[in-house]
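So this one's entry-v5.pdb, PDB, C-alpha atoms:
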ATOM      1  CA  MET A 208      46.629 -17.053  -9.601
ATOM      2  CA  VAL A 209      43.752 -14.603  -9.862
ATOM      3  CA  THR A 210      44.447 -10.972  -9.356
ATOM      4  CA  GLU A 211      42.014  -8.888  -7.334
ATOM      5  CA  ASP A 212      41.079  -6.659 -10.259
ATOM      6  CA  LYS A 213      39.984  -9.654 -12.268
ATOM      7  CA  TYR A 214      37.130 -10.316  -9.859
ATOM      8  CA  LEU A 215      35.698  -6.957 -10.703
ATOM      9  CA  GLU A 216      35.422  -7.737 -14.401
ATOM     10  CA  LYS A 217      31.788  -8.465 -15.180
ATOM     11  CA  SER A 218      32.306 -11.454 -17.453
ATOM     12  CA  TYR A 219      34.796 -13.010 -15.057
ATOM     13  CA  TYR A 220      32.387 -12.654 -12.183
ATOM     14  CA  LEU A 221      29.804 -14.722 -14.011
ATOM     15  CA  THR A 222      32.105 -17.506 -15.181
ATOM     16  CA  PHE A 223      34.473 -17.932 -12.246
ATOM     17  CA  PRO A 224      33.889 -21.020 -10.036
ATOM     18  CA  LEU A 225      31.098 -20.435  -7.552
ATOM     19  CA  SER A 226      33.061 -21.213  -4.391
ATOM     20  CA  SER A 227      35.513 -18.446  -5.200
ATOM     21  CA  VAL A 228      32.710 -16.025  -5.916
ATOM     22  CA  ILE A 229      31.149 -16.861  -2.544
ATOM     23  CA  LEU A 230      34.430 -15.958  -0.896
ATOM     24  CA  CYS A 231      34.387 -12.795  -2.940
ATOM     25  CA  MET A 232      30.899 -11.955  -1.744
ATOM     26  CA  GLN A 233      32.100 -12.000   1.831
ATOM     27  CA  ASN A 234      34.243  -9.090   0.933
ATOM     28  CA  GLU A 235      32.425  -5.790   1.079
ATOM     29  CA  SER A 236      34.082  -4.332  -1.991
ATOM     30  CA  ARG A 237      33.066  -7.355  -4.059
ATOM     31  CA  PHE A 238      29.500  -7.123  -2.816
ATOM     32  CA  LYS A 239      29.526  -3.467  -3.691
ATOM     33  CA  ALA A 240      30.606  -4.356  -7.232
ATOM     34  CA  VAL A 241      27.579  -6.633  -7.574
ATOM     35  CA  TYR A 242      25.385  -3.918  -6.066
ATOM     36  CA  GLU A 243      26.665  -1.266  -8.443
ATOM     37  CA  GLU A 244      26.133  -3.596 -11.389
ATOM     38  CA  TYR A 245      22.537  -4.542 -10.609
ATOM     39  CA  LYS A 246      21.073  -1.779  -8.416
ATOM     40  CA  GLN A 247      19.366  -0.009 -11.346
ATOM     41  CA  LEU A 248      17.879  -3.241 -12.618
ATOM     42  CA  VAL A 249      16.446  -4.202  -9.223
ATOM     43  CA  TYR A 250      15.227  -0.724  -8.268
ATOM     44  CA  ASN A 251      13.549  -0.013 -11.622
ATOM     45  CA  LEU A 252      11.942  -3.438 -11.833
ATOM     46  CA  ALA A 253      10.557  -2.977  -8.305
ATOM     47  CA  LEU A 254       9.285   0.494  -9.293
ATOM     48  CA  ASN A 255       7.484  -0.985 -12.279
ATOM     49  CA  TYR A 256       5.782  -3.553 -10.074
ATOM     50  CA  LEU A 257       4.920  -1.316  -7.130
ATOM     51  CA  GLN A 258       4.834   2.207  -8.622
ATOM     52  CA  ASN A 259       6.135   3.866  -5.523
ATOM     53  CA  PRO A 260       9.711   4.670  -4.512
ATOM     54  CA  GLU A 261       9.440   3.748  -0.804
ATOM     55  CA  ASP A 262       8.328   0.194  -1.566
ATOM     56  CA  ALA A 263      10.886  -0.068  -4.376
ATOM     57  CA  GLN A 264      13.646   0.951  -1.933
ATOM     58  CA  ASP A 265      12.511  -1.662   0.582
ATOM     59  CA  ILE A 266      12.448  -4.335  -2.121
ATOM     60  CA  THR A 267      15.898  -3.351  -3.408
ATOM     61  CA  GLN A 268      17.226  -3.609   0.132
ATOM     62  CA  GLU A 269      15.654  -7.031   0.698
ATOM     63  CA  VAL A 270      16.825  -8.336  -2.678
ATOM     64  CA  PHE A 271      20.469  -7.429  -2.041
ATOM     65  CA  VAL A 272      20.378  -8.858   1.476
ATOM     66  CA  LYS A 273      19.003 -12.081  -0.056
ATOM     67  CA  ILE A 274      21.740 -12.054  -2.706
ATOM     68  CA  TYR A 275      24.343 -11.712   0.051
ATOM     69  CA  GLN A 276      22.806 -14.488   2.148
ATOM     70  CA  HIS A 277      21.963 -17.015  -0.557
ATOM     71  CA  PHE A 278      24.748 -16.576  -3.031
ATOM     72  CA  GLU A 279      25.721 -20.245  -2.745
ATOM     73  CA  LYS A 280      22.236 -21.262  -3.879
ATOM     74  CA  HIS A 281      22.768 -19.714  -7.287
ATOM     75  CA  ASP A 282      23.558 -22.397  -9.832
ATOM     76  CA  PRO A 283      25.075 -20.942 -13.035
ATOM     77  CA  ALA A 284      24.163 -24.157 -14.860
ATOM     78  CA  THR A 285      20.424 -23.493 -14.481
ATOM     79  CA  ALA A 286      20.251 -19.705 -14.789
ATOM     80  CA  SER A 287      22.568 -16.761 -15.322
ATOM     81  CA  PHE A 288      23.298 -14.430 -12.425
ATOM     82  CA  LYS A 289      21.148 -11.731 -14.020
ATOM     83  CA  THR A 290      18.192 -14.096 -14.467
ATOM     84  CA  TRP A 291      18.583 -15.171 -10.836
ATOM     85  CA  ILE A 292      18.461 -11.533  -9.688
ATOM     86  CA  TYR A 293      15.396 -10.919 -11.864
ATOM     87  CA  ARG A 294      13.660 -13.899 -10.254
ATOM     88  CA  ILE A 295      14.493 -12.814  -6.688
ATOM     89  CA  THR A 296      13.242  -9.288  -7.398
ATOM     90  CA  ILE A 297      10.015 -10.471  -9.023
ATOM     91  CA  ASN A 298       9.307 -12.885  -6.153
ATOM     92  CA  GLN A 299       9.950 -10.188  -3.539
ATOM     93  CA  CYS A 300       7.657  -7.748  -5.363
ATOM     94  CA  LEU A 301       4.881 -10.322  -5.728
ATOM     95  CA  ASP A 302       5.207 -11.261  -2.039
ATOM     96  CA  LEU A 303       4.831  -7.611  -1.029
ATOM     97  CA  ILE A 304       1.822  -7.143  -3.323
ATOM     98  CA  ARG A 305       0.210 -10.292  -1.881
ATOM     99  CA  SER A 306       0.785  -9.142   1.703
ATOM    100  CA  LYS A 307      -0.659  -5.708   0.862
ATOM    101  CA  LYS A 308      -3.723  -7.337  -0.673
ATOM    102  CA  ALA A 309      -4.131  -9.547   2.390
ATOM    103  CA  LYS A 310      -3.873  -6.483   4.661
ATOM    104  CA  LYS A 311      -6.440  -4.726   2.516
ATOM    105  CA  ARG A 312      -8.851  -7.677   2.790
ATOM    106  CA  PHE A 313      -8.250  -7.900   6.545
ATOM    107  CA  GLY A 314      -8.792  -4.140   6.844
ATOM    108  CA  PHE A 315     -12.085  -4.469   5.014
ATOM    109  CA  ILE A 316     -13.251  -7.286   7.303
ATOM    110  CA  THR A 317     -12.241  -5.419  10.482
ATOM    111  CA  SER A 318     -13.917  -2.253   9.187
ATOM    112  CA  LEU A 319     -17.208  -4.173   9.122
ATOM    113  CA  PHE A 320     -16.917  -4.708  12.869
ATOM    114  CA  GLN A 321     -15.298  -1.378  13.839
ATOM    115  CA  LYS A 322     -17.227   1.205  11.901
ATOM    116  CA  ASP A 323     -16.652   4.064  14.336
ATOM    117  CA  SER A 324     -12.940   3.603  15.010
ATOM    118  CA  GLY A 325     -12.063   6.607  12.842
ATOM    119  CA  GLU A 326      -8.752   5.031  11.796
ATOM    120  CA  PRO A 327      -7.952   4.265   8.158
ATOM    121  CA  VAL A 328      -8.791   0.606   7.527
ATOM    122  CA  HIS A 329      -5.895   0.123   5.086
ATOM    123  CA  GLU A 330      -3.228   2.122   3.339
ATOM    124  CA  ALA A 331      -4.400   3.820   0.178
ATOM    125  CA  ILE A 332      -2.555   2.814  -3.004
ATOM    126  CA  HIS A 333       0.015   5.494  -3.533
ATOM    127  CA  PHE A 334       0.973   5.952  -7.207
ATOM    128  CA  ASP A 335       4.268   7.779  -7.547
ATOM    129  CA  HIS A 336       6.502   6.431 -10.299
ATOM    130  CA  PRO A 337       9.488   8.794 -10.610
ATOM    131  CA  GLY A 338      10.259   7.501 -14.110
ATOM    132  CA  ILE A 339       6.963   8.754 -15.536
ATOM    133  CA  ALA A 340       6.838  12.242 -17.020
ATOM    134  CA  THR A 341       4.111  14.556 -15.710
ATOM    135  CA  GLU A 342       2.276  14.689 -19.056
ATOM    136  CA  ASP A 343       1.999  10.880 -19.163
ATOM    137  CA  LYS A 344       1.157  10.446 -15.496
ATOM    138  CA  GLU A 345      -2.633  10.406 -15.709
ATOM    139  CA  GLU A 346      -2.794   8.012 -18.647
ATOM    140  CA  LEU A 347      -0.145   5.667 -17.258
ATOM    141  CA  GLN A 348      -1.711   5.683 -13.811
ATOM    142  CA  GLN A 349      -4.939   4.458 -15.388
ATOM    143  CA  LEU A 350      -3.010   1.853 -17.397
ATOM    144  CA  PHE A 351      -1.086   0.668 -14.323
ATOM    145  CA  SER A 352      -4.254   0.345 -12.270
ATOM    146  CA  ALA A 353      -5.549  -2.053 -14.962
ATOM    147  CA  ILE A 354      -2.180  -3.880 -15.115
ATOM    148  CA  ASN A 355      -2.209  -4.286 -11.331
ATOM    149  CA  GLU A 356      -5.490  -6.184 -11.598
ATOM    150  CA  LEU A 357      -3.988  -8.780 -13.963
ATOM    151  CA  PRO A 358      -2.944 -12.226 -12.724
ATOM    152  CA  GLU A 359       0.686 -12.318 -11.535
ATOM    153  CA  SER A 360       2.073 -14.230 -14.523
ATOM    154  CA  GLN A 361       0.384 -11.952 -17.068
ATOM    155  CA  LYS A 362       1.602  -8.870 -15.219
ATOM    156  CA  THR A 363       5.145 -10.241 -15.089
ATOM    157  CA  ALA A 364       5.155 -11.093 -18.810
ATOM    158  CA  LEU A 365       3.889  -7.599 -19.624
ATOM    159  CA  ILE A 366       6.384  -5.781 -17.390
ATOM    160  CA  LEU A 367       9.341  -7.789 -18.658
ATOM    161  CA  THR A 368       8.557  -7.442 -22.352
ATOM    162  CA  ARG A 369       6.861  -4.037 -22.532
ATOM    163  CA  ILE A 370       8.568  -1.968 -19.826
ATOM    164  CA  GLU A 371      11.864  -3.749 -19.181
ATOM    165  CA  ASP A 372      12.095  -4.343 -22.943
ATOM    166  CA  ARG A 373      13.377  -7.899 -22.539
ATOM    167  CA  PRO A 374      13.062 -10.229 -25.518
ATOM    168  CA  GLN A 375      10.377 -12.898 -25.135
ATOM    169  CA  LYS A 376      13.048 -15.592 -24.934
ATOM    170  CA  GLU A 377      14.691 -13.897 -21.949
ATOM    171  CA  ALA A 378      11.310 -13.243 -20.319
ATOM    172  CA  ALA A 379      10.510 -16.943 -20.716
ATOM    173  CA  GLU A 380      13.835 -17.865 -19.085
ATOM    174  CA  ILE A 381      13.219 -15.491 -16.172
ATOM    175  CA  MET A 382       9.700 -16.842 -15.717
ATOM    176  CA  ASN A 383      10.964 -20.401 -16.107
ATOM    177  CA  THR A 384       8.515 -21.134 -18.896
ATOM    178  CA  SER A 385       8.391 -21.441 -22.686
ATOM    179  CA  VAL A 386       8.326 -18.631 -25.250
ATOM    180  CA  LYS A 387       4.901 -19.875 -26.401
ATOM    181  CA  ALA A 388       3.585 -19.573 -22.851
ATOM    182  CA  VAL A 389       4.871 -15.990 -22.639
ATOM    183  CA  GLU A 390       3.193 -15.169 -25.977
ATOM    184  CA  SER A 391      -0.038 -16.626 -24.686
ATOM    185  CA  LEU A 392       0.215 -14.698 -21.400
ATOM    186  CA  LEU A 393       0.796 -11.458 -23.305
ATOM    187  CA  GLN A 394      -2.138 -12.105 -25.588
ATOM    188  CA  ARG A 395      -4.463 -12.760 -22.668
ATOM    189  CA  ALA A 396      -3.105  -9.737 -20.792
ATOM    190  CA  LYS A 397      -3.810  -7.506 -23.803
ATOM    191  CA  GLN A 398      -7.360  -8.833 -24.161
ATOM    192  CA  THR A 399      -8.090  -8.294 -20.471
ATOM    193  CA  LEU A 400      -6.553  -4.823 -20.478
ATOM    194  CA  ALA A 401      -8.447  -3.790 -23.619
ATOM    195  CA  LYS A 402     -11.719  -4.882 -22.022
ATOM    196  CA  ARG A 403     -11.000  -3.224 -18.647
ATOM    197  CA  LEU A 404      -9.831   0.050 -20.163
ATOM    198  CA  LYS A 405     -12.856   0.129 -22.459
ATOM    199  CA  ASP A 406     -15.133  -0.485 -19.478
ATOM    200  CA  SER A 407     -13.456   2.240 -17.393
ATOM    201  CA  GLU A 408     -13.726   4.718 -20.261
ATOM    202  CA  GLY A 409     -17.374   3.791 -20.753
ATOM    203  CA  PHE A 410     -18.319   5.069 -17.311
TER     204      PHE A 410
ATOM    205  CA  MET B 230      -4.809  -2.284 -32.368
ATOM    206  CA  LYS B 231      -5.585   0.441 -29.844
ATOM    207  CA  ILE B 232      -4.321  -1.446 -26.805
ATOM    208  CA  ASP B 233      -0.890  -1.852 -28.448
ATOM    209  CA  ASN B 234      -0.680   1.912 -28.891
ATOM    210  CA  ARG B 235      -1.560   2.404 -25.244
ATOM    211  CA  LEU B 236       0.951  -0.185 -24.125
ATOM    212  CA  ASP B 237       3.616   1.538 -26.225
ATOM    213  CA  LYS B 238       3.281   4.455 -23.813
ATOM    214  CA  LEU B 239       4.955   2.228 -21.222
ATOM    215  CA  LYS B 240       8.162   2.632 -23.228
ATOM    216  CA  ASN B 241       8.193   6.315 -22.238
ATOM    217  CA  ILE B 242       8.990   5.321 -18.653
ATOM    218  CA  GLN B 243      12.501   6.495 -17.874
ATOM    219  CA  ARG B 244      15.077   4.530 -15.915
ATOM    220  CA  VAL B 245      15.587   6.011 -12.450
ATOM    221  CA  ASP B 246      18.732   6.062 -10.343
ATOM    222  CA  ALA B 247      18.566   4.116  -7.093
ATOM    223  CA  PRO B 248      19.021   6.411  -4.067
ATOM    224  CA  ALA B 249      22.619   6.766  -2.905
ATOM    225  CA  PHE B 250      21.794   5.900   0.714
ATOM    226  CA  LEU B 251      20.463   2.451  -0.189
ATOM    227  CA  PHE B 252      23.823   0.712  -0.029
ATOM    228  CA  THR B 253      24.426   2.000   3.510
ATOM    229  CA  ARG B 254      21.012   0.697   4.534
ATOM    230  CA  ILE B 255      21.728  -2.690   2.966
ATOM    231  CA  LYS B 256      25.130  -2.870   4.679
ATOM    232  CA  GLN B 257      23.509  -1.994   7.988
ATOM    233  CA  GLN B 258      20.876  -4.696   7.558
ATOM    234  CA  ILE B 259      23.549  -7.298   6.720
ATOM    235  CA  GLU B 260      25.511  -6.298   9.845
ATOM    236  CA  ASN B 261      22.357  -6.512  11.952
ATOM    237  CA  LEU B 262      21.659  -9.977  10.575
ATOM    238  CA  ALA B 263      25.148 -11.115  11.538
ATOM    239  CA  GLN B 264      24.533  -9.978  15.118
ATOM    240  CA  ALA B 265      20.975 -11.279  15.259
ATOM    241  CA  PRO B 266      20.184 -14.092  17.713
ATOM    242  CA  ALA B 267      19.685 -17.633  16.446
ATOM    243  CA  PRO B 268      16.446 -18.236  14.544
ATOM    244  CA  ALA B 269      13.361 -19.143  16.615
ATOM    245  CA  ARG B 270      13.335 -22.697  15.210
ATOM    246  CA  TRP B 271      16.887 -23.313  16.433
ATOM    247  CA  ARG B 272      16.137 -21.840  19.847
ATOM    248  CA  PHE B 273      13.037 -24.022  20.159
ATOM    249  CA  ALA B 274      15.039 -27.122  19.160
ATOM    250  CA  PHE B 275      17.769 -26.310  21.679
ATOM    251  CA  VAL B 276      15.263 -25.811  24.536
ATOM    252  CA  SER B 277      13.426 -29.043  23.611
ATOM    253  CA  VAL B 278      16.635 -31.082  23.583
ATOM    254  CA  ALA B 279      17.670 -29.548  26.945
ATOM    255  CA  ILE B 280      14.300 -30.441  28.518
ATOM    256  CA  ILE B 281      14.425 -34.022  27.154
ATOM    257  CA  LEU B 282      17.971 -34.459  28.526
ATOM    258  CA  LEU B 283      16.907 -33.091  31.924
ATOM    259  CA  ILE B 284      13.924 -35.478  32.109
ATOM    260  CA  LEU B 285      16.097 -38.428  31.087
ATOM    261  CA  ASN B 286      18.687 -37.555  33.739
ATOM    262  CA  MET B 287      16.018 -37.243  36.416
ATOM    263  CA  ALA B 288      14.480 -40.582  35.395
ATOM    264  CA  VAL B 289      17.854 -42.320  35.570
ATOM    265  CA  LEU B 290      18.609 -40.768  38.979
ATOM    266  CA  ILE B 291      15.232 -41.749  40.453
ATOM    267  CA  ARG B 292      15.489 -45.277  39.127
ATOM    268  CA  SER B 293      19.062 -45.782  40.418
ATOM    269  CA  SER B 294      18.173 -44.419  43.892
ATOM    270  CA  ARG B 295      15.250 -46.883  44.106
ATOM    271  CA  ILE B 296      17.530 -49.786  43.228
ATOM    272  CA  GLU B 297      20.099 -48.664  45.806
ATOM    273  CA  LYS B 298      17.372 -48.370  48.467
ATOM    274  CA  ARG B 299      16.129 -51.867  47.795
ATOM    275  CA  SER B 300      19.618 -53.364  47.842
ATOM    276  CA  GLY B 301      20.389 -51.603  51.171
ATOM    277  CA  VAL B 302      17.331 -53.184  52.866
ATOM    278  CA  GLU B 303      18.244 -56.586  51.485
ATOM    279  CA  GLN B 304      21.760 -56.193  52.922
ATOM    280  CA  VAL B 305      20.382 -55.521  56.436
ATOM    281  CA  ILE B 306      18.011 -58.490  56.179
ATOM    282  CA  ASN B 307      20.819 -60.778  55.170
ATOM    283  CA  SER B 308      23.262 -59.564  57.855
ATOM    284  CA  MET B 309      20.672 -59.996  60.656
ATOM    285  CA  HIS B 310      19.489 -63.338  59.286
ATOM    286  CA  LEU B 311      15.949 -62.099  58.966
ATOM    287  CA  SER B 312      13.381 -63.394  56.620
ATOM    288  CA  SER B 313      12.416 -61.198  53.758
ATOM    289  CA  SER B 314       9.138 -63.070  53.348
ATOM    290  CA  ASN B 315       5.927 -61.673  54.763
ATOM    291  CA  ASP B 316       4.483 -65.122  55.369
ATOM    292  CA  LEU B 317       3.934 -65.877  59.065
ATOM    293  CA  TYR B 318       4.168 -69.613  58.634
ATOM    294  CA  HIS B 319       7.040 -71.075  56.705
ATOM    295  CA  GLU B 320       6.322 -74.340  55.030
TER     296      GLU B 320
END
If you took the structure in this file and wrote it as C-alpha cells, what would it be?
Amino acid sequence: MVTEDKYLEKSYYLTFPLSSVILCMQNESRFKAVYEEYKQLVYNLALNYLQNPEDAQDITQEVFVKIYQHFEKHDPATASFKTWIYRITINQCLDLIRSKKAKKRFGFITSLFQKDSGEPVHEAIHFDHPGIATEDKEELQQLFSAINELPESQKTALILTRIEDRPQKEAAEIMNTSVKAVESLLQRAKQTLAKRLKDSEGF
Amino acid sequence: MKIDNRLDKLKNIQRVDAPAFLFTRIKQQIENLAQAPAPARWRFAFVSVAIILLILNMAVLIRSSRIEKRSGVEQVINSMHLSSSNDLYHE
C-alpha cells in the first residue's frame, strides 16, 4: 500500500508505475507537485529561447497543460520525466518562434501591398530577459540576436550546454541525437557566431 | 578563442523565478479545456455519420413505398381478373 506522502517524493514519482502516476496527475495537489518541481526549468528555458517574459509565461502555461493532458504518452523506458519536459518545452518554444517568423514574413508581404495603412506590419522583437544584469544587457542582446539567427538544432545545442549548463551527454539525450552530433552542432554554431559577430562589429 | 570568451558571458544569466500567478492561469486553462466542446474533427464526423444515416433511411423508405405501391396495383388487377399486360391482342 502506497501512502499519499510517498507520491510527493521526487524519486518515487519517477519510478512508480505509470498508470498510478496518471491517476496521481488527475489530482490537483499531485499536479502542483510536478509544477513546483519543474516550473523554474520550463520558465527559464523558455526565457532563454524567447528572451521575453510574456512569451516565456505563455510557453510555461502551454507546457504544463500539455504535461497534464499527455501524461500517459510519457514512456519512462525511452526518456526520463525531466528529459520529456525539456523536449516539450523546446518544441513549444520552436513552434512559437516559427509562427512569429511566419507572421513576420506575412507582414512583410502584406506591407508591400498596403503601404499607407499606417499600422505596424509585425511585432517588433522585444528583448527583455529578466535574468540578465543591466551591465551585460547590451553585449548579451547582441549575442542573442546572433544566436537567434542560428539553425534550430545549433541554437538548442548552444542553449542546453552553454546557458542551461547541461552536460553534452544530457543535451544529446534531450535532442535525441549522439554526443558527437552535439559536438559538431556546437562547433558549427561557434563558427557561425564568430563570423556574424565579427561582421556586425565591422560595420 | 574569442568566441568562447563571449559565450562564457551566457553563464552570467541568472535563474529567474516563475511568476506566482502562473499556476492559477494553468489551472484555469485546464478547467476550460475540460468544459470545452468536442474537437472540430469529432463534430464533423458526427454530423457526417448523421447525414449518411438520414440519407440511407430516406432511400430505404422510398424504395419500400414503391414496392408497396406496385404490389397494391397488382392486388387490384388480380381481384378484378384484369390483365396486367398492355398488349391489345393476346396470342
Exercise answer, chain A residues close to chain B, 10 Å and only C-alpha atoms, as number ranges by chain: A: 235, 238-239, 242-243, 246-252, 254-255, 260, 263-265, 267-273, 275-276, 336-340, 343-344, 346-347, 350-351, 365-366, 369-372, 397-398, 400-402, 404-405
Selection under test: the PyMOL selection byres ((chain A and resi 378) around 12); residues as number ranges by chain: A: 289-290, 293-294, 297, 360-377, 379-390, 392-393
Export, as a JSON list (two decimals), in the frame of the given file, the selected residues with C-alpha atoms.
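Writing done, so here's selection-v7.json:
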[["chain", "number", "residue", "atom", "x", "y", "z"],
["A", 289, "LYS", "CA", 21.15, -11.73, -14.02],
["A", 290, "THR", "CA", 18.19, -14.10, -14.47],
["A", 293, "TYR", "CA", 15.40, -10.92, -11.86],
["A", 294, "ARG", "CA", 13.66, -13.90, -10.25],
["A", 297, "ILE", "CA", 10.02, -10.47, -9.02],
["A", 360, "SER", "CA", 2.07, -14.23, -14.52],
["A", 361, "GLN", "CA", 0.38, -11.95, -17.07],
["A", 362, "LYS", "CA", 1.60, -8.87, -15.22],
["A", 363, "THR", "CA", 5.14, -10.24, -15.09],
["A", 364, "ALA", "CA", 5.16, -11.09, -18.81],
["A", 365, "LEU", "CA", 3.89, -7.60, -19.62],
["A", 366, "ILE", "CA", 6.38, -5.78, -17.39],
["A", 367, "LEU", "CA", 9.34, -7.79, -18.66],
["A", 368, "THR", "CA", 8.56, -7.44, -22.35],
["A", 369, "ARG", "CA", 6.86, -4.04, -22.53],
["A", 370, "ILE", "CA", 8.57, -1.97, -19.83],
["A", 371, "GLU", "CA", 11.86, -3.75, -19.18],
["A", 372, "ASP", "CA", 12.10, -4.34, -22.94],
["A", 373, "ARG", "CA", 13.38, -7.90, -22.54],
["A", 374, "PRO", "CA", 13.06, -10.23, -25.52],
["A", 375, "GLN", "CA", 10.38, -12.90, -25.14],
["A", 376, "LYS", "CA", 13.05, -15.59, -24.93],
["A", 377, "GLU", "CA", 14.69, -13.90, -21.95],
["A", 379, "ALA", "CA", 10.51, -16.94, -20.72],
["A", 380, "GLU", "CA", 13.84, -17.86, -19.08],
["A", 381, "ILE", "CA", 13.22, -15.49, -16.17],
["A", 382, "MET", "CA", 9.70, -16.84, -15.72],
["A", 383, "ASN", "CA", 10.96, -20.40, -16.11],
["A", 384, "THR", "CA", 8.52, -21.13, -18.90],
["A", 385, "SER", "CA", 8.39, -21.44, -22.69],
["A", 386, "VAL", "CA", 8.33, -18.63, -25.25],
["A", 387, "LYS", "CA", 4.90, -19.88, -26.40],
["A", 388, "ALA", "CA", 3.58, -19.57, -22.85],
["A", 389, "VAL", "CA", 4.87, -15.99, -22.64],
["A", 390, "GLU", "CA", 3.19, -15.17, -25.98],
["A", 392, "LEU", "CA", 0.22, -14.70, -21.40],
["A", 393, "LEU", "CA", 0.80, -11.46, -23.30]]
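Distance-wise, atom CA of A:Asp262 and atom CA of A:Val241 end up 21.3 Å apart.
What separates atom CA of A:Asn298 from atom CA of B:Pro266 is a distance of 26.3 Å.
Atom CA of A:Ile354 lies 8.2 Å from atom CA of A:Ala396.
Of the listed residues (A:Thr317, A:Thr399, A:Gln394, A:Gln299), A:Gln299 comes nearest to A:Leu257; the distances count only C-alpha atoms.
For the set A:Glu408, A:Gly314, A:Lys307, A:Phe288, the residue with the smallest atom-to-atom gap to A:Glu244 is A:Phe288, counting only C-alpha atoms.
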